[in-house]
file protein_20.tsv (TSV, C-alpha atoms)
chain	number	residue	atom	x	y	z
A	1	MET	CA	-48.75	-44.44	-21.10
A	2	ALA	CA	-50.75	-42.37	-18.63
A	3	ARG	CA	-53.03	-43.39	-15.78
A	4	ASP	CA	-56.71	-42.59	-16.19
A	5	THR	CA	-60.12	-43.87	-15.25
A	6	TYR	CA	-62.55	-45.88	-17.35
A	7	LEU	CA	-64.95	-42.92	-17.26
A	8	ASN	CA	-62.37	-40.35	-18.35
A	9	ALA	CA	-61.08	-42.62	-21.09
A	10	GLY	CA	-64.55	-42.72	-22.63
A	11	ARG	CA	-64.85	-38.94	-22.27
A	12	ARG	CA	-61.49	-38.54	-24.01
A	13	ALA	CA	-62.68	-40.77	-26.86
A	14	VAL	CA	-65.68	-38.50	-27.44
A	15	ILE	CA	-63.54	-35.36	-27.34
A	16	GLU	CA	-60.94	-36.72	-29.77
A	17	GLU	CA	-63.52	-37.95	-32.25
A	18	MET	CA	-65.50	-34.69	-32.10
A	19	GLN	CA	-62.30	-32.75	-32.73
A	20	ARG	CA	-61.37	-35.06	-35.62
A	21	ASP	CA	-64.77	-35.13	-37.34
A	22	ASP	CA	-67.33	-32.31	-37.36
A	23	ALA	CA	-70.07	-34.85	-38.16
A	24	VAL	CA	-69.76	-36.39	-34.68
A	25	TRP	CA	-72.16	-35.07	-32.04
A	26	ALA	CA	-73.94	-36.34	-28.94
A	27	LEU	CA	-77.50	-36.18	-27.68
A	28	GLY	CA	-79.28	-37.27	-24.54
A	29	GLU	CA	-80.73	-36.18	-21.23
A	30	ASP	CA	-78.70	-33.76	-19.09
A	31	LEU	CA	-75.58	-33.86	-21.25
A	32	GLY	CA	-75.14	-30.15	-20.65
A	33	ARG	CA	-74.76	-30.96	-16.97
A	34	GLY	CA	-72.22	-33.64	-17.75
A	35	GLY	CA	-74.48	-36.66	-18.01
A	36	VAL	CA	-75.72	-38.82	-15.16
A	37	PHE	CA	-72.24	-40.20	-14.43
A	38	GLY	CA	-70.12	-37.24	-15.61
A	39	GLN	CA	-69.13	-38.81	-18.94
A	40	TYR	CA	-69.83	-35.52	-20.74
A	41	LYS	CA	-68.57	-33.11	-18.08
A	42	GLY	CA	-67.47	-29.83	-19.66
A	43	LEU	CA	-68.11	-30.99	-23.22
A	44	GLN	CA	-70.98	-28.58	-23.88
A	45	ASP	CA	-68.62	-25.71	-22.99
A	46	MET	CA	-66.07	-27.12	-25.44
A	47	PHE	CA	-68.37	-27.90	-28.36
A	48	GLY	CA	-71.57	-25.93	-27.76
A	49	PRO	CA	-75.18	-27.06	-27.30
A	50	ALA	CA	-75.62	-27.94	-30.99
A	51	ARG	CA	-73.04	-30.75	-30.74
A	52	ILE	CA	-73.59	-31.74	-27.09
A	53	ALA	CA	-77.36	-31.58	-27.23
A	54	ASP	CA	-79.78	-31.83	-24.32
A	55	THR	CA	-83.01	-33.61	-25.14
A	56	PRO	CA	-86.47	-34.17	-23.65
A	57	ILE	CA	-86.91	-37.16	-21.32
A	58	SER	CA	-87.94	-39.56	-24.05
A	59	GLU	CA	-85.65	-42.40	-25.09
A	60	ALA	CA	-87.76	-43.10	-28.17
A	61	CYS	CA	-87.45	-39.43	-29.21
A	62	ILE	CA	-83.68	-39.47	-28.65
A	63	MET	CA	-83.13	-42.68	-30.57
A	64	GLY	CA	-85.48	-41.74	-33.41
A	65	ALA	CA	-83.79	-38.36	-33.87
A	66	ALA	CA	-80.38	-40.03	-33.91
A	67	VAL	CA	-81.42	-42.62	-36.49
A	68	GLY	CA	-82.65	-39.88	-38.82
A	69	ALA	CA	-79.56	-37.77	-38.22
A	70	ALA	CA	-77.28	-40.72	-38.96
A	71	MET	CA	-79.15	-41.41	-42.19
A	72	THR	CA	-78.53	-37.83	-43.33
A	73	GLY	CA	-74.78	-38.02	-42.88
A	74	THR	CA	-73.90	-37.21	-39.27
A	75	ARG	CA	-72.47	-39.57	-36.63
A	76	PRO	CA	-74.53	-39.21	-33.45
A	77	ILE	CA	-73.53	-40.59	-30.06
A	78	VAL	CA	-76.75	-41.53	-28.28
A	79	GLU	CA	-76.72	-41.45	-24.48
A	80	MET	CA	-79.30	-43.78	-22.90
A	81	ARG	CA	-78.14	-43.30	-19.24
A	82	PHE	CA	-79.06	-46.88	-18.28
A	83	SER	CA	-79.42	-49.84	-20.63
A	84	ASP	CA	-82.72	-50.59	-18.90
A	85	PHE	CA	-84.14	-47.24	-20.10
A	86	ALA	CA	-83.09	-47.96	-23.68
A	87	LEU	CA	-85.85	-50.54	-23.87
A	88	CYS	CA	-88.22	-47.61	-24.49
A	89	ALA	CA	-86.38	-47.05	-27.77
A	90	VAL	CA	-86.00	-50.62	-28.99
A	91	ASP	CA	-88.27	-50.14	-32.01
A	92	GLU	CA	-86.16	-47.27	-33.35
A	93	LEU	CA	-82.96	-49.23	-32.78
A	94	VAL	CA	-83.98	-52.77	-33.72
A	95	ASN	CA	-86.65	-52.20	-36.38
A	96	GLN	CA	-85.15	-49.11	-38.00
A	97	ALA	CA	-81.41	-48.57	-37.38
A	98	ALA	CA	-80.39	-52.23	-37.51
A	99	LYS	CA	-82.31	-52.95	-40.73
A	100	ALA	CA	-81.70	-49.80	-42.77
A	101	ARG	CA	-78.56	-50.85	-44.64
A	102	PHE	CA	-80.16	-54.16	-45.67
A	103	MET	CA	-83.55	-52.69	-46.61
A	104	PHE	CA	-82.05	-49.92	-48.74
A	105	GLY	CA	-79.75	-52.32	-50.58
A	106	GLY	CA	-76.61	-50.86	-49.06
A	107	GLN	CA	-77.43	-47.31	-50.19
A	108	MET	CA	-78.18	-46.19	-46.63
A	109	ARG	CA	-76.09	-46.56	-43.50
A	110	VAL	CA	-76.79	-45.66	-39.87
A	111	PRO	CA	-73.41	-44.78	-38.31
A	112	MET	CA	-74.30	-44.13	-34.69
A	113	VAL	CA	-73.17	-45.28	-31.24
A	114	VAL	CA	-75.72	-46.01	-28.55
A	115	ARG	CA	-74.09	-45.83	-25.12
A	116	GLU	CA	-75.97	-48.05	-22.68
A	117	PRO	CA	-74.42	-48.35	-19.19
A	118	ILE	CA	-75.01	-51.85	-17.84
A	119	GLY	CA	-74.57	-53.98	-14.77
A	120	MET	CA	-74.97	-54.08	-11.01
A	121	TRP	CA	-73.84	-50.92	-9.21
A	122	ARG	CA	-74.47	-49.72	-5.67
A	123	SER	CA	-77.83	-51.40	-5.12
A	124	SER	CA	-79.42	-49.88	-8.19
A	125	ALA	CA	-82.14	-52.53	-8.04
A	126	ALA	CA	-84.07	-54.40	-10.71
A	127	GLN	CA	-84.75	-51.57	-13.17
A	128	HIS	CA	-81.19	-50.14	-13.20
A	129	SER	CA	-78.90	-53.18	-13.00
A	130	GLN	CA	-79.48	-55.39	-15.99
A	131	SER	CA	-76.96	-56.64	-18.53
A	132	LEU	CA	-78.90	-57.14	-21.75
A	133	GLU	CA	-76.09	-57.62	-24.25
A	134	ALA	CA	-77.46	-60.95	-25.47
A	135	TRP	CA	-80.66	-59.24	-26.69
A	136	TYR	CA	-78.73	-56.96	-29.02
A	137	ALA	CA	-76.25	-59.63	-30.16
A	138	HIS	CA	-79.33	-61.51	-31.39
A	139	ILE	CA	-80.28	-58.72	-33.82
A	140	PRO	CA	-78.73	-58.75	-37.33
A	141	GLY	CA	-77.30	-55.36	-38.21
A	142	LEU	CA	-76.12	-54.34	-34.74
A	143	VAL	CA	-72.54	-54.31	-33.49
A	144	VAL	CA	-72.27	-54.97	-29.74
A	145	VAL	CA	-69.30	-53.81	-27.65
A	146	ALA	CA	-68.56	-54.26	-23.92
A	147	PRO	CA	-65.22	-52.70	-22.83
A	148	SER	CA	-63.62	-53.71	-19.53
A	149	THR	CA	-60.53	-51.49	-19.13
A	150	PRO	CA	-59.81	-47.76	-19.46
A	151	ALA	CA	-57.55	-48.35	-22.48
A	152	ASP	CA	-60.25	-50.38	-24.20
A	153	ASN	CA	-62.91	-47.82	-23.37
A	154	LEU	CA	-60.82	-45.26	-25.21
A	155	GLY	CA	-59.87	-47.39	-28.18
A	156	LEU	CA	-63.14	-49.23	-28.65
A	157	LEU	CA	-65.34	-46.14	-28.32
A	158	LYS	CA	-63.25	-44.31	-30.93
A	159	SER	CA	-63.57	-47.30	-33.27
A	160	ALA	CA	-67.30	-47.52	-32.57
A	161	ILE	CA	-67.79	-43.85	-33.47
A	162	ARG	CA	-65.99	-44.47	-36.79
A	163	CYS	CA	-68.04	-47.59	-37.55
A	164	ASP	CA	-70.56	-47.24	-40.39
A	165	ASP	CA	-73.12	-49.51	-38.68
A	166	PRO	CA	-75.12	-48.90	-35.48
A	167	VAL	CA	-73.12	-49.90	-32.40
A	168	VAL	CA	-74.62	-50.74	-29.01
A	169	TYR	CA	-71.84	-49.70	-26.66
A	170	MET	CA	-72.25	-51.13	-23.15
A	171	GLU	CA	-70.09	-49.61	-20.41
A	172	HIS	CA	-70.28	-51.22	-16.98
A	173	LYS	CA	-71.33	-48.75	-14.29
A	174	ASN	CA	-69.16	-50.42	-11.68
A	175	LEU	CA	-66.06	-49.68	-13.76
A	176	TRP	CA	-66.41	-45.89	-14.03
A	177	ALA	CA	-63.77	-45.30	-11.31
A	178	LEU	CA	-61.43	-48.10	-12.42
A	179	GLU	CA	-57.92	-46.76	-13.11
A	180	GLY	CA	-55.51	-48.23	-15.62
A	181	ASP	CA	-52.80	-47.46	-18.15
A	182	VAL	CA	-54.11	-45.59	-21.17
A	183	PRO	CA	-51.99	-44.99	-24.28
A	184	GLU	CA	-51.18	-41.41	-25.16
A	185	GLY	CA	-51.80	-40.21	-28.69
A	186	GLU	CA	-54.04	-41.96	-31.17
A	187	HIS	CA	-55.35	-45.27	-29.79
A	188	LEU	CA	-57.82	-47.47	-31.61
A	189	VAL	CA	-58.94	-51.01	-30.72
A	190	GLU	CA	-60.33	-53.04	-33.59
A	191	LEU	CA	-63.95	-54.11	-33.20
A	192	GLY	CA	-64.32	-57.87	-33.15
A	193	ARG	CA	-60.86	-58.57	-31.75
A	194	ALA	CA	-60.58	-60.32	-28.36
A	195	GLU	CA	-57.68	-59.91	-25.92
A	196	VAL	CA	-55.87	-62.68	-24.07
A	197	ALA	CA	-55.86	-61.04	-20.66
A	198	ARG	CA	-53.90	-63.89	-19.06
A	199	GLU	CA	-52.19	-66.88	-20.63
A	200	GLY	CA	-52.61	-70.41	-19.29
A	201	ASP	CA	-52.83	-74.03	-20.38
A	202	ALA	CA	-55.27	-75.72	-18.00
A	203	ILE	CA	-58.58	-74.17	-19.06
A	204	THR	CA	-59.95	-71.30	-21.14
A	205	ILE	CA	-62.24	-68.74	-19.53
A	206	VAL	CA	-64.11	-66.47	-21.95
A	207	THR	CA	-65.61	-63.36	-20.43
A	208	TRP	CA	-66.28	-59.65	-21.03
A	209	SER	CA	-67.01	-56.37	-19.28
A	210	ALA	CA	-66.62	-56.25	-15.47
A	211	MET	CA	-66.36	-60.03	-15.13
A	212	ARG	CA	-62.90	-59.85	-16.72
A	213	HIS	CA	-61.59	-58.57	-13.41
A	214	ALA	CA	-63.31	-61.24	-11.33
A	215	CYS	CA	-61.91	-63.91	-13.65
A	216	LEU	CA	-58.38	-62.50	-13.35
A	217	ARG	CA	-58.64	-62.45	-9.54
A	218	ALA	CA	-59.84	-66.04	-9.59
A	219	ALA	CA	-57.01	-66.98	-11.95
A	220	ASP	CA	-54.48	-65.49	-9.52
A	221	VAL	CA	-55.84	-67.70	-6.72
A	222	LEU	CA	-55.89	-70.78	-8.93
A	223	ALA	CA	-52.29	-70.14	-9.98
A	224	THR	CA	-51.20	-70.49	-6.35
A	225	LYS	CA	-52.73	-73.97	-6.46
A	226	GLY	CA	-50.90	-74.92	-9.65
A	227	THR	CA	-53.69	-74.26	-12.17
A	228	GLU	CA	-52.86	-71.80	-14.94
A	229	VAL	CA	-56.01	-70.34	-16.45
A	230	GLU	CA	-56.21	-68.58	-19.80
A	231	VAL	CA	-58.57	-65.60	-19.62
A	232	ILE	CA	-59.94	-64.19	-22.88
A	233	ASP	CA	-61.75	-60.86	-22.77
A	234	LEU	CA	-64.09	-60.90	-25.75
A	235	ARG	CA	-64.46	-57.06	-25.79
A	236	THR	CA	-66.85	-57.21	-28.76
A	237	LEU	CA	-69.80	-59.60	-28.56
A	238	TRP	CA	-70.81	-59.10	-32.17
A	239	PRO	CA	-68.82	-59.79	-34.15
A	240	TRP	CA	-67.06	-62.02	-31.64
A	241	ASP	CA	-63.56	-63.37	-32.06
A	242	ARG	CA	-64.18	-67.05	-32.78
A	243	ASP	CA	-60.60	-67.57	-33.94
A	244	ALA	CA	-59.12	-66.47	-30.60
A	245	VAL	CA	-61.56	-68.56	-28.57
A	246	PHE	CA	-61.21	-71.66	-30.74
A	247	ALA	CA	-57.39	-71.47	-30.75
A	248	SER	CA	-57.34	-71.29	-26.97
A	249	VAL	CA	-59.80	-74.16	-26.47
A	250	ARG	CA	-57.82	-76.33	-28.89
A	251	ARG	CA	-54.83	-75.92	-26.57
A	252	THR	CA	-56.55	-76.24	-23.20
A	253	GLY	CA	-59.40	-78.63	-24.02
A	254	ARG	CA	-61.68	-76.97	-21.49
A	255	LEU	CA	-63.99	-73.93	-21.62
A	256	LEU	CA	-65.80	-71.90	-19.00
A	257	VAL	CA	-67.82	-68.85	-20.09
A	258	VAL	CA	-68.40	-66.26	-17.37
A	259	HIS	CA	-70.77	-63.30	-17.61
A	260	GLU	CA	-72.77	-61.11	-15.24
A	261	ALA	CA	-75.97	-61.39	-17.26
A	262	VAL	CA	-78.59	-64.05	-16.58
A	263	SER	CA	-77.24	-67.42	-17.67
A	264	VAL	CA	-80.49	-68.54	-19.32
A	265	GLY	CA	-80.42	-67.36	-22.94
A	266	GLY	CA	-77.22	-65.41	-22.31
A	267	PHE	CA	-74.47	-64.89	-24.86
A	268	GLY	CA	-72.46	-67.56	-23.09
A	269	ALA	CA	-74.85	-70.07	-24.63
A	270	GLU	CA	-73.83	-68.93	-28.12
A	271	ILE	CA	-70.15	-69.41	-27.34
A	272	ALA	CA	-70.74	-72.76	-25.65
A	273	ALA	CA	-72.77	-74.06	-28.57
A	274	SER	CA	-70.26	-72.82	-31.15
A	275	VAL	CA	-67.36	-74.49	-29.35
A	276	ALA	CA	-69.31	-77.70	-28.81
A	277	GLU	CA	-70.24	-77.86	-32.50
A	278	ALA	CA	-66.76	-77.14	-33.83
A	279	LEU	CA	-64.40	-78.55	-31.23
A	280	HIS	CA	-66.19	-81.40	-29.47
A	281	HIS	CA	-63.38	-83.78	-30.32
A	282	HIS	CA	-60.85	-81.47	-28.58
A	283	LEU	CA	-62.80	-81.18	-25.33
A	284	LYS	CA	-61.59	-82.94	-22.18
A	285	ALA	CA	-64.69	-81.88	-20.20
A	286	PRO	CA	-68.15	-80.51	-20.97
A	287	VAL	CA	-68.35	-76.77	-21.71
A	288	ARG	CA	-69.79	-74.83	-18.79
A	289	ARG	CA	-71.45	-71.42	-18.41
A	290	LEU	CA	-71.46	-69.30	-15.27
A	291	GLY	CA	-73.92	-66.40	-15.06
A	292	ALA	CA	-76.61	-64.92	-12.87
A	293	PRO	CA	-79.72	-66.88	-11.90
A	294	ARG	CA	-82.91	-65.92	-13.74
A	295	ILE	CA	-84.16	-63.53	-11.06
A	296	PRO	CA	-84.71	-59.74	-10.89
A	297	ILE	CA	-81.75	-58.02	-9.21
A	298	ALA	CA	-82.69	-56.92	-5.70
A	299	TYR	CA	-82.04	-53.58	-4.00
A	300	ALA	CA	-80.82	-55.16	-0.73
A	301	PRO	CA	-77.04	-55.72	-0.94
A	302	ALA	CA	-77.25	-59.20	0.54
A	303	LEU	CA	-79.83	-60.22	-2.05
A	304	GLU	CA	-78.00	-58.41	-4.84
A	305	ASP	CA	-74.97	-60.56	-4.01
A	306	ARG	CA	-77.06	-63.66	-4.62
A	307	ALA	CA	-77.29	-62.65	-8.28
A	308	ARG	CA	-73.61	-61.75	-8.60
A	309	VAL	CA	-71.03	-64.20	-9.98
A	310	SER	CA	-68.37	-64.31	-7.27
A	311	ASP	CA	-64.66	-65.06	-7.45
A	312	ASP	CA	-65.30	-68.21	-5.41
A	313	ALA	CA	-67.93	-69.40	-7.86
A	314	ILE	CA	-65.44	-69.02	-10.72
A	315	ILE	CA	-62.77	-70.89	-8.76
A	316	ASN	CA	-65.17	-73.72	-7.93
A	317	ALA	CA	-66.31	-73.98	-11.56
A	318	VAL	CA	-62.73	-74.21	-12.80
A	319	GLN	CA	-61.81	-76.82	-10.22
A	320	GLY	CA	-64.87	-78.84	-11.18
A	321	LEU	CA	-63.88	-78.79	-14.85
A	322	ILE	CA	-60.26	-79.81	-14.31
A	323	ALA	CA	-61.01	-82.53	-11.76
A	324	PRO	CA	-60.39	-86.10	-12.98
A	325	ARG	CA	-63.58	-87.48	-14.53
A	326	THR	CA	-64.91	-90.93	-13.80
A	327	VAL	CA	-67.09	-93.01	-16.10
A	328	ALA	CA	-70.19	-94.45	-14.46

call {"tool": "encode", "arguments": {"input": "protein_20.tsv", "output": "structure tokens"}}
result
Amino acid sequence: MARDTYLNAGRRAVIEEMQRDDAVWALGEDLGRGGVFGQYKGLQDMFGPARIADTPISEACIMGAAVGAAMTGTRPIVEMRFSDFALCAVDELVNQAAKARFMFGGQMRVPMVVREPIGMWRSSAAQHSQSLEAWYAHIPGLVVVAPSTPADNLGLLKSAIRCDDPVVYMEHKNLWALEGDVPEGEHLVELGRAEVAREGDAITIVTWSAMRHACLRAADVLATKGTEVEVIDLRTLWPWDRDAVFASVRRTGRLLVVHEAVSVGGFGAEIAASVAEALHHHLKAPVRRLGAPRIPIAYAPALEDRARVSDDAIINAVQGLIAPRTVA
């Protein structure tokens, strides 16, 4: 193991896959200067401008070029800078890339990775802070990934680049500097496989991306009060690991889904409904979701915090679910 940051782990994934496969290349704005967060720093010097390609400021142009390039046999990595900006290229992604394999009867594939940084970060305000993973999970044909640790950002991005279907790869901006253990040598994480980040028997928390860390901090506090929480990091939202979630809920009988995205219409609703449909007879309490209110994310830090799911909110939600229930 070696220590590295979430950002560098993703950069290493790109380097290793470009060295392994000449068909892998990247395109986006300012990649020659390292990308907006430094994810591509030095890569144009290593691989040249044909494989680390700078593009015009047009997300639709970038995505459309990548879809065509993927259809002709290459494996582009598409850099969208902010997931909010990727909305300019939704037609190319949703109406073209996601549908191609189905509409060509399996004779055409679109093997590309669309990197879309998500989440609240340093008062980035309403147009730079959204978490829109539920939108993409709704679309047949797209794989949706949201890594939360440096090791996962290495292993999941490498797996995403090797995937034969279009992958929306959502890295949380607030995690770029996060340090953690990263395996040396070849490291792949299977898409669609969740991780039990902490074992417990009182309640299951399902989460992903940056909220994994808030849930683990809350679980540490709850453990001092005698409540052992099981935390499952979904890692891939589509396909999501139903077996891991269901097995945990069968043991604990309680489920809380925690995500940074707006709660209304969020992916937590899909998990809650699936568990309620399949495991209602195992539940000791109603399933609960915890997400942001349905408001634009403000620039002012104090107002931004109003949209953020806090450690205390997670603790309160858990305590509410494990409290003895009375029948009216």

call {"tool": "closest_residue", "arguments": {"input": "protein_20.tsv", "among": "A:Cys163, A:Ile232, A:Ile57, A:Leu87", "to": "A:Val249", "atoms": "only C-alpha atoms"}}
result
A:Ile232

call {"tool": "closest_residue", "arguments": {"input": "protein_20.tsv", "among": "A:Arg193, A:Pro183, A:Ser129, A:Ser274", "to": "A:Ala307", "atoms": "all atoms listed in the file"}}
result
A:Ser129

call {"tool": "residues_near_point", "arguments": {"input": "protein_20.tsv", "point": "(-77.9, -63.9, -4.2)", "cutoff": "12 Å", "atoms": "only C-alpha atoms", "output": "PyMOL selection string"}}
result
chain A and resi 291-310+313

call {"tool": "residues_around", "arguments": {"input": "protein_20.tsv", "residues": "A:Ile314", "least_positions_apart": "2", "cutoff": "10 Å", "atoms": "only C-alpha atoms", "output": "number ranges by chain"}}
result
A: 205, 214-219, 222, 256-258, 290-291, 309-312, 316-320

call {"tool": "atom_distance", "arguments": {"input": "protein_20.tsv", "atom1": "atom CA of A:Ala202", "atom2": "atom CA of A:Ser148"}}
result
23.6 Å

call {"tool": "closest_residue", "arguments": {"input": "protein_20.tsv", "among": "A:Gln19, A:Ser159, A:Thr207, A:Ser131", "to": "A:Asp84", "atoms": "all atoms listed in the file"}}
result
A:Ser131

call {"tool": "closest_residue", "arguments": {"input": "protein_20.tsv", "among": "A:Thr149, A:Thr55, A:Val196, A:Arg115", "to": "A:Gly180", "atoms": "all atoms listed in the file"}}
result
A:Thr149

call {"tool": "atom_distance", "arguments": {"input": "protein_20.tsv", "atom1": "atom CA of A:His128", "atom2": "atom CA of A:Met80"}}
result
11.8 Å

call {"tool": "closest_residue", "arguments": {"input": "protein_20.tsv", "among": "A:Ala278, A:Leu132, A:Met170, A:Ile161", "to": "A:Ala261", "atoms": "only C-alpha atoms"}}
result
A:Leu132

call {"tool": "build_atoms", "arguments": {"input": "protein_20.tsv", "residues": "stretch 6-34 of chain A", "atoms": "N, CA and C atoms", "output": "short mmCIF file (atom, residue, chain, number, x, y, z; two decimals), in the coordinates of the input"}}
result
data_model
loop_
_atom_site.label_atom_id
_atom_site.label_comp_id
_atom_site.auth_asym_id
_atom_site.auth_seq_id
_atom_site.Cartn_x
_atom_site.Cartn_y
_atom_site.Cartn_z
N TYR A 6 -61.66 -45.35 -16.31
CA TYR A 6 -62.55 -45.88 -17.35
C TYR A 6 -63.49 -44.77 -17.83
N LEU A 7 -64.02 -43.99 -16.89
CA LEU A 7 -64.95 -42.92 -17.26
C LEU A 7 -64.24 -41.85 -18.10
N ASN A 8 -63.08 -41.40 -17.63
CA ASN A 8 -62.37 -40.35 -18.35
C ASN A 8 -61.87 -40.82 -19.70
N ALA A 9 -61.53 -42.09 -19.80
CA ALA A 9 -61.08 -42.62 -21.09
C ALA A 9 -62.20 -42.53 -22.13
N GLY A 10 -63.43 -42.86 -21.71
CA GLY A 10 -64.55 -42.72 -22.63
C GLY A 10 -64.81 -41.27 -22.99
N ARG A 11 -64.67 -40.38 -22.00
CA ARG A 11 -64.85 -38.94 -22.27
C ARG A 11 -63.80 -38.45 -23.27
N ARG A 12 -62.57 -38.93 -23.08
CA ARG A 12 -61.49 -38.54 -24.01
C ARG A 12 -61.78 -39.04 -25.42
N ALA A 13 -62.34 -40.24 -25.53
CA ALA A 13 -62.68 -40.77 -26.86
C ALA A 13 -63.67 -39.86 -27.57
N VAL A 14 -64.68 -39.40 -26.84
CA VAL A 14 -65.68 -38.50 -27.44
C VAL A 14 -65.02 -37.19 -27.87
N ILE A 15 -64.20 -36.63 -27.01
CA ILE A 15 -63.54 -35.36 -27.34
C ILE A 15 -62.68 -35.52 -28.60
N GLU A 16 -61.86 -36.55 -28.63
CA GLU A 16 -60.94 -36.72 -29.77
C GLU A 16 -61.70 -36.93 -31.08
N GLU A 17 -62.78 -37.70 -31.02
CA GLU A 17 -63.52 -37.95 -32.25
C GLU A 17 -64.32 -36.72 -32.69
N MET A 18 -64.79 -35.92 -31.73
CA MET A 18 -65.50 -34.69 -32.10
C MET A 18 -64.53 -33.66 -32.67
N GLN A 19 -63.30 -33.66 -32.17
CA GLN A 19 -62.30 -32.75 -32.73
C GLN A 19 -61.85 -33.21 -34.12
N ARG A 20 -61.84 -34.50 -34.33
CA ARG A 20 -61.37 -35.06 -35.62
C ARG A 20 -62.41 -34.93 -36.72
N ASP A 21 -63.70 -35.03 -36.34
CA ASP A 21 -64.77 -35.13 -37.34
C ASP A 21 -65.94 -34.24 -36.92
N ASP A 22 -66.23 -33.23 -37.69
CA ASP A 22 -67.33 -32.31 -37.36
C ASP A 22 -68.70 -32.99 -37.42
N ALA A 23 -68.78 -34.15 -38.05
CA ALA A 23 -70.07 -34.85 -38.16
C ALA A 23 -70.44 -35.57 -36.86
N VAL A 24 -69.49 -35.69 -35.93
CA VAL A 24 -69.76 -36.39 -34.68
C VAL A 24 -70.40 -35.42 -33.69
N TRP A 25 -71.50 -35.87 -33.06
CA TRP A 25 -72.16 -35.07 -32.04
C TRP A 25 -72.85 -36.02 -31.07
N ALA A 26 -73.32 -35.48 -29.95
CA ALA A 26 -73.94 -36.34 -28.94
C ALA A 26 -75.27 -35.75 -28.51
N LEU A 27 -76.19 -36.64 -28.16
CA LEU A 27 -77.50 -36.18 -27.68
C LEU A 27 -77.99 -37.10 -26.57
N GLY A 28 -78.72 -36.51 -25.64
CA GLY A 28 -79.28 -37.27 -24.54
C GLY A 28 -79.72 -36.34 -23.43
N GLU A 29 -80.20 -36.96 -22.36
CA GLU A 29 -80.73 -36.18 -21.23
C GLU A 29 -79.59 -35.67 -20.35
N ASP A 30 -79.63 -34.38 -20.05
CA ASP A 30 -78.70 -33.76 -19.09
C ASP A 30 -77.24 -33.80 -19.53
N LEU A 31 -76.97 -33.86 -20.83
CA LEU A 31 -75.58 -33.86 -21.25
C LEU A 31 -74.91 -32.52 -20.94
N GLY A 32 -75.68 -31.46 -20.99
CA GLY A 32 -75.14 -30.15 -20.65
C GLY A 32 -74.65 -30.06 -19.22
N ARG A 33 -75.21 -30.89 -18.36
CA ARG A 33 -74.76 -30.96 -16.97
C ARG A 33 -73.73 -32.07 -16.76
N GLY A 34 -73.28 -32.65 -17.84
CA GLY A 34 -72.22 -33.64 -17.75
C GLY A 34 -72.67 -35.08 -17.85
#
